[in-house]
$ cat final-v6.cif   # mmCIF, N, CA and C atoms
data_data
#
loop_
_atom_site.label_atom_id
_atom_site.label_comp_id
_atom_site.auth_asym_id
_atom_site.auth_seq_id
_atom_site.Cartn_x
_atom_site.Cartn_y
_atom_site.Cartn_z
N MET W 21 28.21 18.56 50.23
CA MET W 21 28.44 19.17 48.93
C MET W 21 28.32 18.12 47.82
N LYS W 22 28.89 16.93 48.03
CA LYS W 22 28.81 15.88 47.02
C LYS W 22 27.35 15.46 46.79
N THR W 23 26.57 15.47 47.85
CA THR W 23 25.16 15.10 47.74
C THR W 23 24.43 16.10 46.85
N ARG W 24 24.70 17.39 47.04
CA ARG W 24 24.06 18.41 46.21
C ARG W 24 24.44 18.26 44.74
N ILE W 25 25.69 18.00 44.48
CA ILE W 25 26.15 17.82 43.11
C ILE W 25 25.47 16.60 42.50
N PHE W 26 25.36 15.52 43.26
CA PHE W 26 24.72 14.32 42.77
C PHE W 26 23.24 14.57 42.46
N VAL W 27 22.54 15.26 43.35
CA VAL W 27 21.13 15.56 43.16
C VAL W 27 20.95 16.45 41.92
N PHE W 28 21.80 17.45 41.78
CA PHE W 28 21.74 18.33 40.62
C PHE W 28 21.98 17.53 39.33
N PHE W 29 22.94 16.63 39.34
CA PHE W 29 23.25 15.80 38.19
C PHE W 29 22.04 14.93 37.82
N CYS W 30 21.45 14.28 38.81
CA CYS W 30 20.27 13.43 38.56
C CYS W 30 19.11 14.23 38.00
N PHE W 31 18.87 15.40 38.56
CA PHE W 31 17.79 16.26 38.09
C PHE W 31 18.03 16.67 36.64
N SER W 32 19.26 17.01 36.29
CA SER W 32 19.60 17.42 34.92
C SER W 32 19.38 16.27 33.94
N VAL W 33 19.78 15.07 34.32
CA VAL W 33 19.61 13.90 33.45
C VAL W 33 18.12 13.63 33.21
N ILE W 34 17.32 13.70 34.26
CA ILE W 34 15.88 13.47 34.13
C ILE W 34 15.25 14.54 33.25
N LEU W 35 15.60 15.80 33.48
CA LEU W 35 15.03 16.90 32.71
C LEU W 35 15.38 16.77 31.23
N LEU W 36 16.62 16.49 30.91
CA LEU W 36 17.03 16.35 29.51
C LEU W 36 16.37 15.14 28.87
N GLY W 37 16.23 14.06 29.60
CA GLY W 37 15.57 12.87 29.08
C GLY W 37 14.12 13.14 28.74
N CYS W 38 13.44 13.86 29.60
CA CYS W 38 12.03 14.20 29.36
C CYS W 38 11.88 15.10 28.14
N GLN W 39 12.81 16.07 27.98
CA GLN W 39 12.75 16.96 26.83
C GLN W 39 12.94 16.19 25.53
N LYS W 40 13.87 15.22 25.52
CA LYS W 40 14.09 14.42 24.32
C LYS W 40 12.87 13.58 23.99
N ASP W 41 12.21 13.01 25.02
CA ASP W 41 10.99 12.24 24.79
C ASP W 41 9.89 13.12 24.22
N GLU W 42 9.72 14.31 24.77
CA GLU W 42 8.69 15.23 24.30
C GLU W 42 8.97 15.67 22.87
N LEU W 43 10.21 15.96 22.56
CA LEU W 43 10.59 16.37 21.21
C LEU W 43 10.31 15.24 20.21
N SER W 44 10.66 14.04 20.58
CA SER W 44 10.42 12.87 19.72
C SER W 44 8.92 12.64 19.52
N ARG W 45 8.14 12.74 20.58
CA ARG W 45 6.69 12.55 20.50
C ARG W 45 6.06 13.63 19.61
N THR W 46 6.50 14.87 19.77
CA THR W 46 5.96 15.97 18.96
C THR W 46 6.29 15.76 17.49
N LYS W 47 7.52 15.37 17.18
CA LYS W 47 7.91 15.13 15.79
C LYS W 47 7.09 14.00 15.19
N THR W 48 6.88 12.93 15.96
CA THR W 48 6.09 11.80 15.47
C THR W 48 4.66 12.21 15.19
N ASN W 49 4.05 12.94 16.13
CA ASN W 49 2.66 13.37 15.96
C ASN W 49 2.51 14.37 14.81
N LEU W 50 3.49 15.20 14.61
CA LEU W 50 3.43 16.23 13.58
C LEU W 50 3.59 15.64 12.18
N SER W 51 4.32 14.54 12.06
CA SER W 51 4.69 13.95 10.77
C SER W 51 3.52 13.24 10.11
N ARG W 52 2.68 14.03 9.43
CA ARG W 52 1.52 13.53 8.70
C ARG W 52 0.96 14.67 7.87
N THR W 53 -0.13 14.43 7.18
CA THR W 53 -0.79 15.46 6.39
C THR W 53 -1.94 16.05 7.20
N TRP W 54 -2.05 17.38 7.17
CA TRP W 54 -3.05 18.11 7.94
C TRP W 54 -3.90 18.97 7.01
N VAL W 55 -5.19 19.08 7.34
CA VAL W 55 -6.09 19.98 6.62
C VAL W 55 -6.66 20.98 7.62
N VAL W 56 -6.93 22.19 7.13
CA VAL W 56 -7.42 23.27 7.99
C VAL W 56 -8.82 22.96 8.47
N ASP W 57 -9.02 23.11 9.76
CA ASP W 57 -10.33 22.96 10.38
C ASP W 57 -10.91 24.32 10.77
N LYS W 58 -10.02 25.19 11.26
CA LYS W 58 -10.47 26.50 11.73
C LYS W 58 -9.30 27.48 11.72
N VAL W 59 -9.59 28.75 11.42
CA VAL W 59 -8.59 29.81 11.46
C VAL W 59 -9.18 30.97 12.25
N GLU W 60 -8.42 31.48 13.20
CA GLU W 60 -8.83 32.65 13.98
C GLU W 60 -7.78 33.73 13.83
N ILE W 61 -8.22 34.93 13.52
CA ILE W 61 -7.34 36.09 13.45
C ILE W 61 -7.87 37.10 14.46
N GLY W 62 -7.05 37.44 15.43
CA GLY W 62 -7.46 38.37 16.47
C GLY W 62 -8.65 37.87 17.26
N GLY W 63 -8.76 36.55 17.42
CA GLY W 63 -9.85 35.97 18.18
C GLY W 63 -11.16 35.85 17.41
N ILE W 64 -11.15 36.23 16.14
CA ILE W 64 -12.35 36.16 15.30
C ILE W 64 -12.22 34.99 14.33
N ASP W 65 -13.26 34.19 14.24
CA ASP W 65 -13.27 33.05 13.33
C ASP W 65 -13.31 33.55 11.89
N THR W 66 -12.21 33.32 11.16
CA THR W 66 -12.10 33.75 9.77
C THR W 66 -11.97 32.55 8.83
N THR W 67 -12.44 31.39 9.29
CA THR W 67 -12.26 30.15 8.54
C THR W 67 -12.82 30.23 7.13
N SER W 68 -14.04 30.69 6.97
CA SER W 68 -14.66 30.68 5.63
C SER W 68 -13.91 31.61 4.67
N THR W 69 -13.50 32.78 5.14
CA THR W 69 -12.73 33.70 4.29
C THR W 69 -11.38 33.09 3.94
N TRP W 70 -10.71 32.52 4.93
CA TRP W 70 -9.40 31.92 4.71
C TRP W 70 -9.49 30.78 3.71
N LYS W 71 -10.50 29.90 3.90
CA LYS W 71 -10.66 28.75 3.00
C LYS W 71 -11.05 29.18 1.59
N SER W 72 -11.67 30.35 1.44
CA SER W 72 -12.00 30.82 0.09
C SER W 72 -10.76 31.35 -0.63
N GLN W 73 -9.74 31.74 0.12
CA GLN W 73 -8.49 32.21 -0.47
C GLN W 73 -7.48 31.08 -0.68
N PHE W 74 -7.53 30.08 0.21
CA PHE W 74 -6.62 28.93 0.14
C PHE W 74 -7.47 27.67 0.05
N VAL W 75 -8.02 27.43 -1.14
CA VAL W 75 -8.98 26.35 -1.36
C VAL W 75 -8.29 24.99 -1.24
N SER W 76 -8.90 24.09 -0.48
CA SER W 76 -8.39 22.72 -0.29
C SER W 76 -6.96 22.70 0.26
N TYR W 77 -6.68 23.62 1.17
CA TYR W 77 -5.33 23.73 1.75
C TYR W 77 -4.98 22.48 2.56
N SER W 78 -3.77 22.01 2.38
CA SER W 78 -3.21 20.95 3.23
C SER W 78 -1.72 21.20 3.39
N ILE W 79 -1.21 20.71 4.51
CA ILE W 79 0.24 20.77 4.74
C ILE W 79 0.69 19.40 5.21
N GLN W 80 1.77 18.94 4.64
CA GLN W 80 2.32 17.64 4.97
C GLN W 80 3.70 17.83 5.57
N PHE W 81 3.90 17.28 6.76
CA PHE W 81 5.20 17.29 7.42
C PHE W 81 5.78 15.89 7.32
N ASN W 82 6.90 15.74 6.62
CA ASN W 82 7.55 14.44 6.50
C ASN W 82 8.56 14.24 7.63
N LYS W 83 8.82 13.00 7.96
CA LYS W 83 9.76 12.68 9.03
C LYS W 83 11.18 13.15 8.71
N ASP W 84 11.49 13.32 7.42
CA ASP W 84 12.83 13.75 7.02
C ASP W 84 13.04 15.26 7.14
N GLY W 85 12.03 15.98 7.69
CA GLY W 85 12.17 17.42 7.88
C GLY W 85 11.72 18.27 6.70
N LYS W 86 11.06 17.66 5.72
CA LYS W 86 10.53 18.40 4.57
C LYS W 86 9.04 18.65 4.79
N TYR W 87 8.56 19.77 4.26
CA TYR W 87 7.12 20.04 4.29
C TYR W 87 6.64 20.42 2.91
N PHE W 88 5.34 20.19 2.67
CA PHE W 88 4.69 20.50 1.40
C PHE W 88 3.34 21.12 1.70
N GLU W 89 3.10 22.32 1.19
CA GLU W 89 1.80 22.98 1.31
C GLU W 89 1.14 22.94 -0.06
N ASN W 90 -0.12 22.54 -0.10
CA ASN W 90 -0.86 22.46 -1.35
C ASN W 90 -2.19 23.16 -1.18
N TYR W 91 -2.54 23.98 -2.18
CA TYR W 91 -3.83 24.64 -2.18
C TYR W 91 -4.09 25.23 -3.56
N GLU W 92 -5.31 25.64 -3.75
CA GLU W 92 -5.69 26.33 -4.97
C GLU W 92 -6.04 27.76 -4.58
N THR W 93 -5.55 28.72 -5.35
CA THR W 93 -5.84 30.12 -5.02
C THR W 93 -7.29 30.43 -5.35
N GLY W 94 -7.98 31.01 -4.41
CA GLY W 94 -9.39 31.34 -4.60
C GLY W 94 -9.58 32.36 -5.71
N GLY W 95 -10.50 32.06 -6.62
CA GLY W 95 -10.82 32.98 -7.69
C GLY W 95 -9.92 32.85 -8.91
N PHE W 96 -8.74 32.26 -8.76
CA PHE W 96 -7.81 32.16 -9.89
C PHE W 96 -7.63 30.73 -10.38
N ASN W 97 -8.13 29.76 -9.60
CA ASN W 97 -8.03 28.34 -9.96
C ASN W 97 -6.61 27.92 -10.31
N THR W 98 -5.65 28.46 -9.58
CA THR W 98 -4.25 28.11 -9.78
C THR W 98 -3.80 27.19 -8.65
N GLN W 99 -3.28 26.04 -9.02
CA GLN W 99 -2.78 25.10 -8.02
C GLN W 99 -1.40 25.56 -7.54
N VAL W 100 -1.22 25.62 -6.23
CA VAL W 100 0.04 26.08 -5.65
C VAL W 100 0.62 24.97 -4.78
N THR W 101 1.90 24.73 -4.94
CA THR W 101 2.63 23.82 -4.06
C THR W 101 3.86 24.56 -3.57
N GLU W 102 3.95 24.72 -2.27
CA GLU W 102 5.14 25.30 -1.67
C GLU W 102 5.81 24.21 -0.86
N LYS W 103 7.12 24.24 -0.84
CA LYS W 103 7.85 23.23 -0.08
C LYS W 103 9.07 23.84 0.56
N GLY W 104 9.57 23.11 1.54
CA GLY W 104 10.74 23.57 2.26
C GLY W 104 11.08 22.62 3.38
N GLU W 105 11.73 23.17 4.40
CA GLU W 105 12.16 22.36 5.54
C GLU W 105 11.47 22.85 6.80
N TRP W 106 11.14 21.90 7.67
CA TRP W 106 10.56 22.24 8.97
C TRP W 106 11.48 21.75 10.06
N SER W 107 11.46 22.46 11.18
CA SER W 107 12.27 22.04 12.33
C SER W 107 11.56 22.43 13.61
N LEU W 108 11.87 21.67 14.64
CA LEU W 108 11.36 21.95 15.98
C LEU W 108 12.52 22.33 16.86
N ALA W 109 12.33 23.36 17.68
CA ALA W 109 13.34 23.73 18.66
C ALA W 109 13.34 22.67 19.77
N SER W 110 14.37 22.68 20.58
CA SER W 110 14.49 21.69 21.65
C SER W 110 13.36 21.79 22.67
N ASP W 111 12.62 22.91 22.67
CA ASP W 111 11.48 23.05 23.59
C ASP W 111 10.27 22.25 23.13
N ALA W 112 10.32 21.67 21.93
CA ALA W 112 9.24 20.87 21.34
C ALA W 112 7.98 21.70 21.12
N ILE W 113 8.11 23.01 21.12
CA ILE W 113 6.96 23.90 20.95
C ILE W 113 7.16 24.81 19.74
N THR W 114 8.37 25.28 19.52
CA THR W 114 8.65 26.24 18.46
C THR W 114 8.89 25.52 17.14
N LEU W 115 7.99 25.76 16.19
CA LEU W 115 8.04 25.14 14.86
C LEU W 115 8.45 26.21 13.85
N THR W 116 9.48 25.92 13.07
CA THR W 116 9.95 26.85 12.05
C THR W 116 9.81 26.21 10.67
N LEU W 117 9.22 26.95 9.75
CA LEU W 117 9.10 26.53 8.36
C LEU W 117 9.99 27.43 7.52
N LEU W 118 10.91 26.84 6.77
CA LEU W 118 11.81 27.59 5.90
C LEU W 118 11.54 27.16 4.47
N ARG W 119 11.01 28.09 3.68
CA ARG W 119 10.67 27.78 2.29
C ARG W 119 11.92 27.35 1.53
N GLU W 120 11.74 26.52 0.54
CA GLU W 120 12.83 25.94 -0.23
C GLU W 120 13.81 26.97 -0.78
N ASP W 121 13.31 28.13 -1.23
CA ASP W 121 14.18 29.16 -1.78
C ASP W 121 14.88 30.00 -0.70
N LYS W 122 14.60 29.67 0.56
CA LYS W 122 15.21 30.34 1.73
C LYS W 122 14.81 31.81 1.85
N GLN W 123 13.78 32.24 1.10
CA GLN W 123 13.35 33.63 1.12
C GLN W 123 12.27 33.92 2.15
N LEU W 124 11.67 32.87 2.71
CA LEU W 124 10.61 33.06 3.69
C LEU W 124 10.75 32.05 4.81
N SER W 125 10.76 32.57 6.02
CA SER W 125 10.78 31.73 7.21
C SER W 125 9.60 32.13 8.08
N ARG W 126 8.84 31.14 8.54
CA ARG W 126 7.69 31.39 9.42
C ARG W 126 7.89 30.61 10.70
N VAL W 127 7.54 31.23 11.81
CA VAL W 127 7.72 30.59 13.13
C VAL W 127 6.37 30.52 13.81
N TYR W 128 6.07 29.34 14.36
CA TYR W 128 4.81 29.08 15.03
C TYR W 128 5.06 28.49 16.41
N GLU W 129 4.11 28.71 17.30
CA GLU W 129 4.14 28.08 18.62
C GLU W 129 3.08 27.00 18.63
N ILE W 130 3.51 25.76 18.83
CA ILE W 130 2.57 24.64 18.88
C ILE W 130 1.85 24.67 20.23
N ILE W 131 0.54 24.71 20.16
CA ILE W 131 -0.29 24.71 21.36
C ILE W 131 -0.74 23.29 21.67
N LEU W 132 -1.06 22.53 20.63
CA LEU W 132 -1.49 21.14 20.79
C LEU W 132 -1.13 20.37 19.54
N VAL W 133 -0.59 19.19 19.72
CA VAL W 133 -0.43 18.27 18.60
C VAL W 133 -0.56 16.85 19.14
N ASP W 134 -1.44 16.09 18.51
CA ASP W 134 -1.56 14.68 18.80
C ASP W 134 -1.81 13.98 17.48
N GLU W 135 -2.30 12.77 17.49
CA GLU W 135 -2.46 12.02 16.24
C GLU W 135 -3.56 12.57 15.33
N THR W 136 -4.49 13.33 15.88
CA THR W 136 -5.61 13.82 15.06
C THR W 136 -5.77 15.33 15.03
N ASN W 137 -5.14 16.05 15.94
CA ASN W 137 -5.32 17.50 16.03
C ASN W 137 -3.99 18.24 16.09
N LEU W 138 -3.95 19.37 15.42
CA LEU W 138 -2.81 20.28 15.47
C LEU W 138 -3.36 21.69 15.64
N HIS W 139 -2.82 22.40 16.60
CA HIS W 139 -3.23 23.79 16.86
C HIS W 139 -1.95 24.57 17.10
N PHE W 140 -1.72 25.60 16.30
CA PHE W 140 -0.56 26.45 16.55
C PHE W 140 -0.90 27.90 16.26
N SER W 141 -0.07 28.79 16.80
CA SER W 141 -0.25 30.22 16.55
C SER W 141 1.04 30.76 15.95
N LYS W 142 0.88 31.76 15.10
CA LYS W 142 2.03 32.37 14.45
C LYS W 142 2.72 33.30 15.45
N VAL W 143 4.01 33.14 15.61
CA VAL W 143 4.78 33.94 16.55
C VAL W 143 4.89 35.37 16.02
N ASP W 144 4.71 36.33 16.91
CA ASP W 144 4.84 37.76 16.61
C ASP W 144 3.81 38.27 15.60
N SER W 145 2.67 37.62 15.50
CA SER W 145 1.63 38.14 14.61
C SER W 145 0.73 39.08 15.40
N ASN W 146 0.36 40.16 14.76
CA ASN W 146 -0.53 41.12 15.40
C ASN W 146 -1.50 41.62 14.34
N PRO W 147 -2.75 41.22 14.38
CA PRO W 147 -3.38 40.45 15.46
C PRO W 147 -2.94 38.98 15.44
N LYS W 148 -3.20 38.32 16.55
CA LYS W 148 -2.80 36.94 16.73
C LYS W 148 -3.48 36.03 15.71
N GLU W 149 -2.67 35.18 15.06
CA GLU W 149 -3.18 34.21 14.08
C GLU W 149 -3.09 32.82 14.70
N GLU W 150 -4.22 32.12 14.72
CA GLU W 150 -4.26 30.75 15.24
C GLU W 150 -4.85 29.83 14.19
N TYR W 151 -4.22 28.67 14.04
CA TYR W 151 -4.63 27.70 13.04
C TYR W 151 -4.92 26.37 13.73
N TYR W 152 -6.06 25.77 13.34
CA TYR W 152 -6.48 24.48 13.87
C TYR W 152 -6.58 23.51 12.69
N PHE W 153 -5.97 22.35 12.84
CA PHE W 153 -5.95 21.36 11.77
C PHE W 153 -6.46 20.00 12.27
N LYS W 154 -6.91 19.21 11.32
CA LYS W 154 -7.26 17.81 11.56
C LYS W 154 -6.36 16.98 10.67
N SER W 155 -5.98 15.79 11.16
CA SER W 155 -5.15 14.93 10.31
C SER W 155 -6.00 14.38 9.17
N LYS W 156 -5.38 14.21 8.05
CA LYS W 156 -6.08 13.75 6.85
C LYS W 156 -6.09 12.24 6.80
#
$ encode --input "final-v6.cif" --output "C-alpha cells"
Amino acid sequence: MKTRIFVFFCFSVILLGCQKDELSRTKTNLSRTWVVDKVEIGGIDTTSTWKSQFVSYSIQFNKDGKYFENYETGGFNTQVTEKGEWSLASDAITLTLLREDKQLSRVYEIILVDETNLHFSKVDSNPKEEYYFKSK
C-alpha cells in the first residue's frame, strides 16, 4: 500500500511539474506582437475579406498579462486600439482575452504557439473560426 501511495505521489509531482513548464513555455512564446497570416471561417480561407475589414491588424501580448489590438477599419480609415487582459488556463491551451471595459470576453484554444507562429481557434464559434499569425 505504501508503494502505491509513493508511486501515485511521484506521478502527481511529475505531472504538475510538466504542466507548469508547458504553461511557462506557452506564456513566453505568446508574449510578443503578432500579425495575421491567415483566417479560416468554417474551413474556408477568408483572409482577404478579413484583412480588408481589419487593415494592418496586430495583437501584442505583454508578459504582464496585458494585450493590445491595433487595426484600421476597412473603408472608414479609423484607427482602432483595443486593450485588456489576457490569461492562460492551467492547461496551457485555453487563452482568454478580457477587454479593458470588462464588457467583452473571448476564449480561444491554442493549437500551436512557438517563437514565430501562433494558431488558435475561437471556442464555441459556429462556424469554426481559426486564426494563423506570424510574429512581427
$ residues_around --input "final-v6.cif" --residues "Lys83 of chain W" --least-positions-apart "3" --cutoff "8 Å" --atoms "all atoms listed in the file" --output "tab-separated table (two decimals) with N, CA and C atoms, in the frame of the given file"
chain	number	residue	atom	x	y	z
W	47	LYS	N	7.52	15.37	17.18
W	47	LYS	CA	7.91	15.13	15.79
W	47	LYS	C	7.09	14.00	15.19
W	48	THR	N	6.88	12.93	15.96
W	48	THR	CA	6.09	11.80	15.47
W	48	THR	C	4.66	12.21	15.19
W	50	LEU	N	3.49	15.20	14.61
W	50	LEU	CA	3.43	16.23	13.58
W	50	LEU	C	3.59	15.64	12.18
W	51	SER	N	4.32	14.54	12.06
W	51	SER	CA	4.69	13.95	10.77
W	51	SER	C	3.52	13.24	10.11
W	52	ARG	N	2.68	14.03	9.43
W	52	ARG	CA	1.52	13.53	8.70
W	52	ARG	C	0.96	14.67	7.87
W	80	GLN	N	1.77	18.94	4.64
W	80	GLN	CA	2.32	17.64	4.97
W	80	GLN	C	3.70	17.83	5.57
W	86	LYS	N	11.06	17.66	5.72
W	86	LYS	CA	10.53	18.40	4.57
W	86	LYS	C	9.04	18.65	4.79
W	87	TYR	N	8.56	19.77	4.26
W	87	TYR	CA	7.12	20.04	4.29
W	87	TYR	C	6.64	20.42	2.91
$ resolve_selection --input "final-v6.cif" --expression "the PyMOL selection byres (((chain W and resi 122 and name CA) around 12) and name CA)" --output "JSON, numbers by chain"
{"W": [102, 103, 104, 105, 106, 117, 118, 119, 120, 121, 123, 124, 125, 126]}
$ atom_distance --input "final-v6.cif" --atom1 "atom CA of Val55 of chain W" --atom2 "atom CA of Glu135 of chain W"
13.0 Å
$ closest_residue --input "final-v6.cif" --among "W:Thr116, W:Ser145, W:Thr93, W:Leu108" --to "Val75 of chain W" --atoms "all atoms listed in the file"
W:Thr93
$ atom_distance --input "final-v6.cif" --atom1 "atom C of Val143 of chain W" --atom2 "atom C of Tyr128 of chain W"
6.9 Å
$ resolve_selection --input "final-v6.cif" --expression "the PyMOL selection byres ((chain W and resi 78) around 5)" --output "VMD selection string"
chain W and resid 54 to 55 76 to 77 79 to 80 89 to 90
$ resolve_selection --input "final-v6.cif" --expression "the PyMOL selection byres ((chain W and resi 61) around 6.5)" --output "PyMOL selection string"
chain W and resi 59-60+62-66+147-150
$ atom_distance --input "final-v6.cif" --atom1 "atom CA of Gly85 of chain W" --atom2 "atom CA of Thr46 of chain W"
12.8 Å
$ select_by_dssp --input "final-v6.cif" --residues "chain W" --states "strand (DSSP E or B)" --output "ChimeraX atom specification"
/W:53-61,64-65,74-81,86-93,98-108,114-119,125-133,137-142,149-155
$ decode --input "final-v6.cif" --residues "segment 78-87 of chain W" --atoms "all heavy atoms" --output "short mmCIF file (atom, residue, chain, number, x, y, z; two decimals), in the first residue's frame"
data_model
loop_
_atom_site.label_atom_id
_atom_site.label_comp_id
_atom_site.auth_asym_id
_atom_site.auth_seq_id
_atom_site.Cartn_x
_atom_site.Cartn_y
_atom_site.Cartn_z
N SER W 78 -2.83 43.85 -35.81
CA SER W 78 -1.80 43.21 -34.99
C SER W 78 -2.32 43.08 -33.57
O SER W 78 -3.18 43.85 -33.14
CB SER W 78 -0.49 44.00 -35.01
OG SER W 78 -0.63 45.23 -34.32
N ILE W 79 -1.80 42.08 -32.88
CA ILE W 79 -2.12 41.92 -31.46
C ILE W 79 -0.82 41.69 -30.71
O ILE W 79 0.04 40.93 -31.16
CB ILE W 79 -3.14 40.79 -31.20
CG1 ILE W 79 -3.54 40.75 -29.72
CG2 ILE W 79 -2.61 39.44 -31.68
CD1 ILE W 79 -4.79 39.92 -29.43
N GLN W 80 -0.68 42.38 -29.61
CA GLN W 80 0.52 42.29 -28.79
C GLN W 80 0.13 41.73 -27.43
O GLN W 80 -0.77 42.26 -26.77
CB GLN W 80 1.14 43.67 -28.62
CG GLN W 80 2.33 43.71 -27.70
CD GLN W 80 2.87 45.12 -27.53
OE1 GLN W 80 2.60 46.01 -28.34
NE2 GLN W 80 3.61 45.33 -26.47
N PHE W 81 0.80 40.66 -27.03
CA PHE W 81 0.61 40.07 -25.71
C PHE W 81 1.83 40.43 -24.87
O PHE W 81 2.95 40.03 -25.21
CB PHE W 81 0.49 38.55 -25.79
CG PHE W 81 -0.74 38.07 -26.53
CD1 PHE W 81 -0.65 37.65 -27.84
CD2 PHE W 81 -1.97 38.05 -25.91
CE1 PHE W 81 -1.76 37.21 -28.53
CE2 PHE W 81 -3.10 37.61 -26.59
CZ PHE W 81 -2.99 37.18 -27.90
N ASN W 82 1.65 41.19 -23.80
CA ASN W 82 2.75 41.54 -22.92
C ASN W 82 2.90 40.51 -21.81
O ASN W 82 1.91 39.87 -21.41
CB ASN W 82 2.54 42.93 -22.31
CG ASN W 82 2.69 44.03 -23.34
OD1 ASN W 82 3.16 43.82 -24.45
ND2 ASN W 82 2.28 45.23 -22.96
N LYS W 83 4.09 40.40 -21.29
CA LYS W 83 4.36 39.44 -20.21
C LYS W 83 3.57 39.76 -18.94
O LYS W 83 3.33 38.87 -18.14
CB LYS W 83 5.86 39.40 -19.90
CG LYS W 83 6.66 38.76 -21.00
CD LYS W 83 8.14 38.69 -20.68
CE LYS W 83 8.86 38.07 -21.85
NZ LYS W 83 10.30 37.97 -21.60
N ASP W 84 3.16 41.02 -18.78
CA ASP W 84 2.41 41.41 -17.59
C ASP W 84 0.92 41.06 -17.67
O ASP W 84 0.13 41.44 -16.81
CB ASP W 84 2.60 42.89 -17.29
CG ASP W 84 1.99 43.81 -18.35
OD1 ASP W 84 1.44 43.30 -19.36
OD2 ASP W 84 2.07 45.04 -18.18
N GLY W 85 0.50 40.36 -18.75
CA GLY W 85 -0.89 39.95 -18.89
C GLY W 85 -1.78 40.95 -19.59
O GLY W 85 -3.00 40.80 -19.61
N LYS W 86 -1.20 41.98 -20.19
CA LYS W 86 -1.97 42.97 -20.94
C LYS W 86 -1.88 42.64 -22.43
O LYS W 86 -0.88 42.11 -22.90
CB LYS W 86 -1.42 44.38 -20.72
CG LYS W 86 -1.35 44.80 -19.28
CD LYS W 86 -2.69 45.12 -18.72
CE LYS W 86 -2.51 45.66 -17.29
NZ LYS W 86 -3.70 45.51 -16.51
N TYR W 87 -2.95 42.96 -23.17
CA TYR W 87 -2.90 42.81 -24.62
C TYR W 87 -3.37 44.10 -25.28
O TYR W 87 -4.10 44.90 -24.69
CB TYR W 87 -3.72 41.62 -25.12
CG TYR W 87 -5.22 41.85 -25.16
CD1 TYR W 87 -5.83 42.43 -26.27
CD2 TYR W 87 -6.03 41.49 -24.09
CE1 TYR W 87 -7.20 42.65 -26.31
CE2 TYR W 87 -7.40 41.71 -24.13
CZ TYR W 87 -7.98 42.29 -25.24
OH TYR W 87 -9.32 42.52 -25.27
#
